[in-house]
Amino acid sequence: MSNTKSKNQQITTIIWDWNGTLINDTSICIEAMNQLLVIRNMQLLNKDIYQEKFTFPVKDYYENIGFDFKKEPFEKPALEFIDNYHALLPNAKLFNEVNTVLAGLKHAGYKMIILSAMEEESLKKSVNELGIGKYFDAIVGINNHFAKSKIERGKFIIKQMDIELSSTILIGDTLHDKEVADEIGCNCILVANGHQSHSRLSINGNVVSHSLSEVSQLIAKM
């Protein structure tokens, strides 16, 4: 695990990313994309390739894996992917330690929020179907399927809930989550069990954990 000096004295609010952080959906993302790639005779993804290519904005990810938007508009494969993803979503489960970690943090008195690049109504439906909505003070997604405005939505919920940023930490699984944390002005821990590899997450001295249980321990020490 990489170490950096925390900017805060005591954490009171935890902002959770959803995809790849609480829900283990990497494999269905790969399968959903491969369905698009196979009909276009493009190179298929495996987990190693995916974790090195996936990025935000998602349009850049599509270009990274070979899509040419001179041949077709980005919106076409993006919407096809969303359809495939939602068809596969019932196969995605929470990471094994999620309920234990969330229950412990809730019992300890932390305020908890989900902030996701997933469309908000789909996000709320997924969170509640998996039975963990009770742990969160707010569930915040975006208002379209193209994952463009997570930073803006983060700033919105911070302002709406009057959250003290110096005592807030964001937990995510991508470098974009670190960018979001930096933009809204809070601390960040990245978890290397989702959509990007540990080696990518570890750049620039980012704090990187291997599991949610380890994250919980780090928060408790802050």
# chains A, B, ... in the order shown; residues from 1 in each chain; ligands from 1
call {"tool": "residues_around", "arguments": {"residues": "A:Gly66", "least_positions_apart": "2", "cutoff": "12 Å", "atoms": "only C-alpha atoms", "output": "number ranges by chain"}}
result
A: 33, 36-37, 40-45, 53, 59-64, 68-71, 74, 77
call {"tool": "closest_atom_pairs", "arguments": {"of": "stretch 124-189 of chain A", "to": "stretch 11-30 of chain A", "cutoff": "9 Å", "atoms": "only C-alpha atoms", "output": "tab-separated table"}}
result
residue	atom	partner	partner_atom	distance
A:Val127	CA	A:Trp18	CA	8.7
A:Ile163	CA	A:Thr13	CA	7.7
A:Glu164	CA	A:Thr13	CA	8.1
A:Leu165	CA	A:Thr13	CA	8.4
A:Ser166	CA	A:Ile11	CA	8.0
A:Ser167	CA	A:Ile11	CA	4.4
A:Thr168	CA	A:Thr13	CA	4.7
A:Ile169	CA	A:Ile14	CA	5.1
A:Leu170	CA	A:Ile15	CA	4.5
A:Ile171	CA	A:Trp16	CA	5.0
A:Gly172	CA	A:Asp17	CA	4.9
A:Asp173	CA	A:Thr21	CA	5.6
A:Thr174	CA	A:Gly20	CA	8.6
A:Asp177	CA	A:Asp17	CA	7.5
call {"tool": "write_last_selection", "arguments": {"atoms": "C-alpha atoms", "output": "mmCIF file, in the first residue's frame"}}
result
data_model
loop_
_atom_site.group_PDB
_atom_site.id
_atom_site.type_symbol
_atom_site.label_atom_id
_atom_site.label_comp_id
_atom_site.auth_asym_id
_atom_site.auth_seq_id
_atom_site.Cartn_x
_atom_site.Cartn_y
_atom_site.Cartn_z
ATOM 1 C CA VAL A 127 -28.173 -0.232 -4.489
ATOM 2 C CA ILE A 163 -20.401 18.731 4.323
ATOM 3 C CA GLU A 164 -17.087 19.717 5.928
ATOM 4 C CA LEU A 165 -14.486 18.728 3.344
ATOM 5 C CA SER A 166 -11.528 18.558 5.731
ATOM 6 C CA SER A 167 -13.240 15.660 7.544
ATOM 7 C CA THR A 168 -14.421 13.883 4.379
ATOM 8 C CA ILE A 169 -12.812 11.023 2.467
ATOM 9 C CA LEU A 170 -13.718 9.581 -0.923
ATOM 10 C CA ILE A 171 -13.240 5.858 -1.546
ATOM 11 C CA GLY A 172 -12.966 4.750 -5.182
ATOM 12 C CA ASP A 173 -11.263 2.374 -7.578
ATOM 13 C CA THR A 174 -10.060 4.612 -10.426
ATOM 14 C CA ASP A 177 -12.062 9.079 -8.271
#
call {"tool": "residues_around", "arguments": {"residues": "A:Leu201", "least_positions_apart": "3", "cutoff": "8 Å", "atoms": "only C-alpha atoms", "output": "list in words"}}
result
Asp173, Thr174, Leu175, Leu190, Ala192, Gln196, Ser197, His198, Asn206 and Val208 of chain A
call {"tool": "select_by_dssp", "arguments": {"residues": "stretch 48-143 of chain A", "states": "strand (DSSP E or B)", "output": "number ranges by chain"}}
result
A: 93-94, 111-119, 138-142
call {"tool": "select_by_dssp", "arguments": {"residues": "stretch 27-219 of chain A", "states": "helix (DSSP H, G or I)", "output": "PyMOL selection string"}}
result
chain A and resi 27-39+47-53+58-64+75-91+98-107+120-129+133-135+150-160+165-167+175-184+198-201+203-205+212-219
call {"tool": "atom_distance", "arguments": {"atom1": "atom CA of A:Ile157", "atom2": "atom CA of A:Phe95"}}
result
25.3 Å
call {"tool": "atom_distance", "arguments": {"atom1": "atom CA of A:Leu88", "atom2": "atom CA of A:Glu119"}}
result
16.0 Å
call {"tool": "atom_distance", "arguments": {"atom1": "atom CA of A:Asn187", "atom2": "atom CA of A:Glu121"}}
result
27.1 Å
call {"tool": "closest_residue", "arguments": {"among": "A:Asp137, A:Glu75, A:Glu31, A:Glu214", "to": "A:Ile189", "atoms": "only C-alpha atoms"}}
result
A:Glu214
call {"tool": "closest_residue", "arguments": {"among": "A:Ser216, A:Ile151, A:Phe156, A:Ala103", "to": "A:Lys134", "atoms": "only C-alpha atoms"}}
result
A:Ala103
call {"tool": "residues_around", "arguments": {"residues": "A:Glu129", "least_positions_apart": "3", "cutoff": "12 Å", "atoms": "only C-alpha atoms", "output": "PyMOL selection string"}}
result
chain A and resi 23+89-90+92-94+122-126+132-134
